[in-house]
Each structure stands twice: as C-alpha cells, then as structure tokens.
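First comes the structure, then the notes that go with it.
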Amino acid sequence: MTKADSSLRLSVQTLAESGAPLAGQVSLQKMERLAPETMGLQADSMLDWKVRGELRPGADGSSDIWMHLEAGATVPLCCQRCMAEVDFPIALERWYRFVASEDIALAEDDGAEEDLLVLEPQLDLLALLEDELLMALPVVPMHECCPGQLEPVAGQNEPDELEQRDGKRPNPFAVLAQLKKR
C-alpha cells in the first residue's frame with residue numbers, strides 16, 4: 001500500500017494491527033527545518049520511505065505497538081572544505097516502540113535499544129522523517145575528494161636541493177635565528 005505525501009498522518013495502532021507495510025515518497029521541499037541545512041532543494045529531491053507496524057507481547061502481558069521505518073534520500077549539502085555542493089546519501093532504518101505516556105518513555109529510555117515514542121491517535125510521519133534526516137546529517141559535510149582540488153605538482157613531494165646536497169632538511173627556525181642576530 002502506498003500513501004500520498006499530502007497526508008502523512010497515520011494511525012500506528014491500525015498500522016500495527018494490519019501488519020501491512022505502507023510506502024511512499026515525499027518531496028524534501030516539504031521539510032521546512034531541513035531546507036536551511038542544504039544547498040537548496042530541487043522539486044525532484046525525494047525521500048523514499050516505508051513503514052511497517054506490528055504487535056509484540058509486552059512485559060505486562062498486553063501487546064506493545066512497534067513500528068519499523070526505512071527511508072532514503074540524497075541531500076545536497078555544502079562541503080566545508082571547498083564550499084561546493086556535495087550530495088550526501090542518507091539511509092535510515094529504525095525501530096520504534098510506542099508507550100502510553102512521556103513519563104513511561106523517559107523511565108524506559110535508558111534500557112531500551114529501540115526509540116520510544118508516545119502513542120498518539122495520529123502520528124505525524126512527515127515530522128518524524130524530518131527529525132530522523134536532521135539527526136543523520138553530518139556535522140561537517142565534505143567531499144571524499146573535492147572537485148577541482150589540485151593534484152600534487154610533479155616533483156613537489158621530492159626532496160629539495162638542500163636536502164639532496166647534505167642529506168638533511170634545513171631547519172625552518174634557522175631563518176628566525178638569523179633575524180634575531182640582527
């Protein structure tokens with residue numbers, strides 16, 4: 001089943017009871033908090049997503065609601081080395097367990113491997129996707145090898161004449177010592 005990106009609100013309870021996956025695409029331009037972190041989002045910049053809910057036996061004998069989220073997109077960021085655009089691929093895969101209140105979520109958070117969310121009648125999937133994308137962005141985005149980066153000039157890494165002549169590199173502080181004598 002697919003869901004149009006115009007309405008990304010869903011009942012997690014219904015999703016878990018059905019067990020059927022739900023998938024779709026959403027334009028990255030709809031993510032207002034993500035936009036300032038990028039080099040500009042094009043109309044065709046899309047996030048593919050897929051969610052699946054399930055009911056699992058809980059510790060107290062009742063069923064716990066779980067949701068698995070997978071999402072992927074390529075986000076245009078600013079390379080902090082060359083200041084050019086770098087396309088950063090993001091692939092997300094998360095499990096969420098839904099609890100009745102914020103107090104329960106806080107109490108169980110430290111011992112849980114999964115993320116805990118408070119169960120609401122309608123989950124704002126767009127906001128959740130945007131939160132996950134923002135947390136997945138690198139602190140310092142960079143190209144592996146910046147375009148236009150100068151290659152070493154032939155001979156640049158070879159020993160200079162002075163080093164070849166007496167077998168050791170000149171002391172860079174020797175020039176300072178000469179200045180001090182004046």
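So you can find residues: chains in the structure tokens are A, B, ... in the order shown, residues in each start at 1, and ligands are numbered from 1 in order.
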Show which residues sit within 7 Å of His143 of chain A, as a PyMOL selection string. Count only C-alpha atoms, and ignore same-chain residues fewer than 3 positions away.
chain A and resi 79+86+146
Store the residues picked out above, limited to C-alpha atoms, as a PDB file, in the first residue's frame.
```
ATOM      1  CA  CYS A  79      31.255  20.861   1.524  1.00  0.00           C
ATOM      2  CA  VAL A  86      28.211  17.619  -2.034  1.00  0.00           C
ATOM      3  CA  CYS A 146      36.876  17.808  -3.641  1.00  0.00           C
TER       4      CYS A 146
END
```
Contacts of Glu17 of chain A at 8 Å or less, counting only C-alpha atoms, minus same-chain residues fewer than 2 places along, as an MDAnalysis selection string?
chainID A and resid 13:15 19 53:55
Expected file contents, prior selection, C-alpha atoms, as a PDB file, in the first residue's frame:
```pdb
ATOM      1  CA  GLN A  13      -2.435   1.298  16.122  1.00  0.00           C
ATOM      2  CA  THR A  14      -4.175   0.469  12.817  1.00  0.00           C
ATOM      3  CA  LEU A  15      -0.832   0.007  11.072  1.00  0.00           C
ATOM      4  CA  GLY A  19       0.729  -5.674   9.701  1.00  0.00           C
ATOM      5  CA  GLY A  53       3.782  -1.929  12.219  1.00  0.00           C
ATOM      6  CA  GLU A  54       3.463  -4.982  14.406  1.00  0.00           C
ATOM      7  CA  LEU A  55       2.091  -6.049  17.751  1.00  0.00           C
TER       8      LEU A  55
END
```
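Taking atom CA of Gln29 of chain A and atom CA of Glu130 of chain A as endpoints, the distance between them is 10.8 Å.
As for atom CA of Asp87 of chain A and atom CA of Glu37 of chain A, they are spaced 12.6 Å apart.
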For Ser27 of chain A, which residue out of A:Leu123, A:Leu47, A:Leu10, A:Met39 is the nearest one, using only C-alpha atoms?
A:Leu47
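In terms of minimum interatomic distance to Ser63 of chain A, A:Val99 ranks closest within A:Ile104, A:Val99, A:Val26, A:Ala127, counting only C-alpha atoms.
Distance check against Pro21 of chain A using only C-alpha atoms: of A:Met83, A:Leu69, A:Ala59, A:Met135, the minimum falls on A:Leu69.
For the atom pair formed by atom CA of Leu129 of chain A and atom CA of Asp109 of chain A, the distance is 20.1 Å, given to one decimal.
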Find the residues near segment 131-134 of chain A: any atom within 12 Å, counting only C-alpha atoms, skip ones fewer than 2 places away on the same chain, and give them as a ChimeraX atom specification.
/A:28,31-38,47-49,69-75,77,88-95,115,124-129,136-139
Polymer residues at most 12 Å from Glu102 of chain A, only C-alpha atoms, same-chain spacing of 2 or more positions, as a PyMOL selection string
chain A and resi 98-100+104-109+116-120
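Using only C-alpha atoms, the smallest distance between any of A:Lys30, A:Arg56, A:His68, A:Arg81 and Ala43 of chain A comes from A:Lys30.
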Just list the residues in segment 18-98 of chain A DSSP gives strand (DSSP E or B) on the backbone, as JSON, numbers by chain.
{"A": [22, 23, 24, 25, 26, 27, 46, 47, 48, 49, 50, 51, 52, 53, 54, 55, 56, 57, 63, 64, 65, 66, 67, 68, 69, 70, 71, 72, 73, 74, 75, 76, 77, 78, 85, 86, 87, 88, 89, 90, 91, 92, 93, 94, 95, 96, 97, 98]}
What residues in segment 37-163 of chain A get the DSSP label alpha helix (DSSP H)? Please answer as JSON, numbers by chain.
{"A": [102, 103, 104, 105, 106, 107, 108, 109, 125, 126, 127, 128, 129, 130, 131, 132, 133, 134, 135, 136, 161, 162, 163]}
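Checking A:Ala16, A:Leu8, A:Val140, A:Ala174 one by one against Asp64 of chain A, counting only C-alpha atoms, you find the shortest gap at A:Ala16.
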